[in-house]
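To keep things clear, I will list the structure first and then write my remarks on it.
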Amino acid sequence: MGDWQRSCRCGEPGEGDVGGELTLMGWTQSVRDHGGLLFIDLRDRSGMVQVVLNPEVTPEAHDKAKRVRSEDVLAVRGTLVHRSDETVNPNIPTGAVELMARELRVLNPSRVPPFPVDDEVEPTETSRFRYRYLDLRRPRGLRPLEIRHRMLSTIRNHLNDLSFMEVETPVLTKSTPEGARDYLVPSRMHPGKFYALPQSPQLFKQILMVGGVDRYFQIVRCFRDEDLRMDRQPEFTQLDIEMSFVQPEDIFAMVEGMMQRVFREVRGVELETPFCRLSWEEAMGRYGTDKPDLRFGLELVELSDTFRDSKVAIFTRALAAGGIVKGLRAPGAGDLSRKELDDLTELVGRYGAKGLAWIKVTDSDWQSPLTKFLSEAEKDALRDLTGVQSGDVIFMLADDFDIVNEGLANLRLEMGRRLGLVQEGVQAFTWVLDFPLVEWRKAEGRFTAVHHPFTAPREEDLPLLESDPARVKSRAYDLVLNGMELGGGSIRIHSPELQRQVLSLLDVNPDTVDDQFGFLLEALDLGAPPHGGIAFGVDRLAMLLSDSPAIRDVIAFPKSQRAVCMLTEAPTAVDVRQLAELQIRTLAGD
RNA sequence: GGGGCCGUAGUUCAGCUGGUUAGAACGCCGGCCUGUCACGCCGGAGGUCGCGAGUUCGAGUCUCGUCGGCCCCGCCA
């Protein structure tokens, strides 16, 4: 660079700067060599500006420019001039001006890049993330991170305005029995012992409440060693919030205000508040899921009673086994082909359904493999309950509660898309309330917490804790947007006795309760205020705000589906001496 | 742990029921060109068809295995 100092960024020069002497630095987007005149598009994060080299004015600079290649890093000094009317480029913000170069320095030449650094062709994800630095030079690569940054800075401003305090909690912490698989970190000072990376700062933030921190938040990395998905990474970021002396209403109002501001400042969209609210039971009943996409209707219909004494064996058999029958009317879907119906059957099959019953309703008849088993009374009931009309299809599923709901919920999403019912541009927020406190895990033969073990039961359900735990509802809530779970939280248990009772209901061994949660129980016994909070998936929110198809797009250096860092190739083997120091020997031979 | 899709030039892709020397566009290299902005024109180079077996007279194409990427189920309090 020598002693040169950059005067502004490439996207910034405008007509106000014309006549000025500018020094610009950036990357070579393209070179257009006309033999005589030569143009260079100089780019940085802020944008692009055209540099002109004229061999008659500056033969030396022009000569150097002839050897400039894509992605070379340049510094150019010259005069900013107006372009003549015919040569103005309306497609870029700096298109009215250009830099007449007097002197050019190649700060660092670049090898030919492994993929073109522009938004024209999308490189494969493998090369995008292997060469993430090239990807980030493209607007398409950088934009999701810019939106993420704006979102987080808006959130910090907002919470700061509301007197929240950001506190950092430990990353080297303690493994706890419930929840996802932990990432472990061996301890050198304590051979054979391990820290765990936090799955969330849950217990620390509750302890902060006991410490009187009152209004806490943290934008914090969390770790879960589970298999990846399009919207799941092994390390992800939570917006963690906790407040003392609050009711759910206080949390809702705070979150709605925050979301309003985020959508206003990041997307320029004005959200209506208060958000919709659904009980868990209503959400499950009408949509078959606890995270319904409310951008379209297509509600499910309960049909168990209709078919209680039916001749349709698949229905009565499922009901006899304690299952349910539910249906979904797809308006105007009567033209579905056999192949399409097979595909839909395969779709519900993914969630365990053994088949998918369908009826095509036309003016003259009901076409279905089931027709001959359906009584007139059942047809009347179906007409009443679904409002079916000629040209529609009724889908029905009979199986246990989870399979029916999950199958139909996903069928509903698919049909919503196929029938073009999803209203684009609509932000359909909803709170989902009154989740069950616990659910029975057949595989494990015990109850597990639906939210987490520190969630308070509803007060009116306390008597059921002993007699019928499955019917106890919790003071938990989720925030759902367009079918995506953005965050969830709850009012916490602040009584040590109740906390012990819930832990024992979850069949946590009484010895390990004190081992694992002793510090929490002790804190609850030393003046813990009633408190509650919520945590959001920052990455998912950023995905939504940036219209990104995958979580990888909103993370600077994401991991592949097999949890490998595509840039550094971590995890890797370590030196045996490091292992010896930790007193660790691996079983995996390699 | 299970199911599915994909892997061909530097990049994005085409390559049919197996059949001559594996193609296109962009990029790259060389030449020409003084108002282009996805500059244009002429010429050229560039391939372990992910890898390994198998079937076959013959495999980019079929089969099996393997590696990698992506999507899904399980898992993710």
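Letters A, B, ... go to the chains of the structure tokens in the order shown; residues in each chain start at 1; ligands are counted from 1 in the same order.
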Show which residues sit within 12 Å of segment 23-36 of chain B, as a PyMOL selection string. Count only C-alpha atoms (C1' of nucleotides), and ignore same-chain residues fewer than 2 positions away.
-> (chain A and resi 30-41+50-57+69-70+83-89+98+111-118+120-121) or (chain B and resi 8-15+21+38-47)
Can you tell me, as a list in words, what residues are no more than 9 Å from C70 of chain B when counting only C-alpha atoms (C1' of nucleotides), ignoring any on the same chain fewer than 3 positions away?
->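 My reading of the contact set: Glu125 and Gln561 of chain A; C5 and C6 of chain B.
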Do you know which residues are at most 12 Å from G69 of chain B counting only C-alpha atoms (C1' of nucleotides), after dropping those on the same chain fewer than 4 positions away, and could you put them as an NGL selection string?
-> (:A and (124-130 or 559-562 or 564 or 566)) or (:B and (5-7 or 50))
Strand (DSSP E) call set, DSSP backbone run, segment 253-419 of chain A, as a VMD selection string | chain A and resid 276 to 279 300 to 302 324 to 330 357 to 361 366 to 367 393 to 399
DSSP on the backbone: what in segment 181-312 of chain A comes out alpha helix (DSSP H), as a PyMOL selection string?
-> chain A and resi 202-210+248-262+280-287
Long-range neighbours of C64 of chain B as number ranges by chain, 12 Å cut-off, only C-alpha atoms (C1' of nucleotides), 5 positions minimum in chain = B: 52-55
Interatomic distance between atom CA of Asn91 of chain A and atom CA of Leu544 of chain A?
->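 Distance between the two atoms: 27.5 Å.
The shell of residues at most 7 Å from segment 383-386 of chain A, with only C-alpha atoms (C1' of nucleotides) counted and near chain neighbours (fewer than 3 positions) removed, consists of Val301, Arg329, Lys379 and Asp380 of chain A.
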Grab the atom CA of Glu242 of chain A to atom CA of Val432 of chain A distance for me, in Å with one decimal place.
-> 18.7 Å
Atom pair atom C1' of G74 of chain B / atom CA of Val508 of chain A: separation (Å) |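 Pair atom C1' of G74 of chain B / atom CA of Val508 of chain A returns 24.1 Å.
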Top pick for closest residue to chain A, considering B:C16, B:C75, B:U56, B:C62 and counting only C-alpha atoms (C1' of nucleotides) =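 Using only C-alpha atoms (C1' of nucleotides), chain A sits closest to B:C75.
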Spatial neighbours of Phe204 of chain A, max dist 9 Å, only C-alpha atoms (C1' of nucleotides), sep filter under 6 positions, as number ranges by chain = A: 169-170, 520
Dump N, CA and C atoms for the selected residues as an mmCIF file, in the first residue's frame?
data_model
loop_
_atom_site.group_PDB
_atom_site.id
_atom_site.type_symbol
_atom_site.label_atom_id
_atom_site.label_comp_id
_atom_site.auth_asym_id
_atom_site.auth_seq_id
_atom_site.Cartn_x
_atom_site.Cartn_y
_atom_site.Cartn_z
ATOM 1 N N THR A 169 -22.295 -16.492 30.593
ATOM 2 C CA THR A 169 -22.263 -17.664 31.471
ATOM 3 C C THR A 169 -21.209 -18.642 30.944
ATOM 4 N N PRO A 170 -20.794 -19.604 31.767
ATOM 5 C CA PRO A 170 -19.668 -20.463 31.383
ATOM 6 C C PRO A 170 -19.936 -21.317 30.148
ATOM 7 N N LEU A 520 -28.806 -25.812 42.326
ATOM 8 C CA LEU A 520 -30.061 -25.142 41.978
ATOM 9 C C LEU A 520 -31.036 -25.207 43.154
#
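For the residues A:Asn405, A:Thr94, A:Thr512, A:Thr79, ranking by smallest atom-to-atom distance to Gly14 of chain A using only C-alpha atoms places A:Thr94 first.
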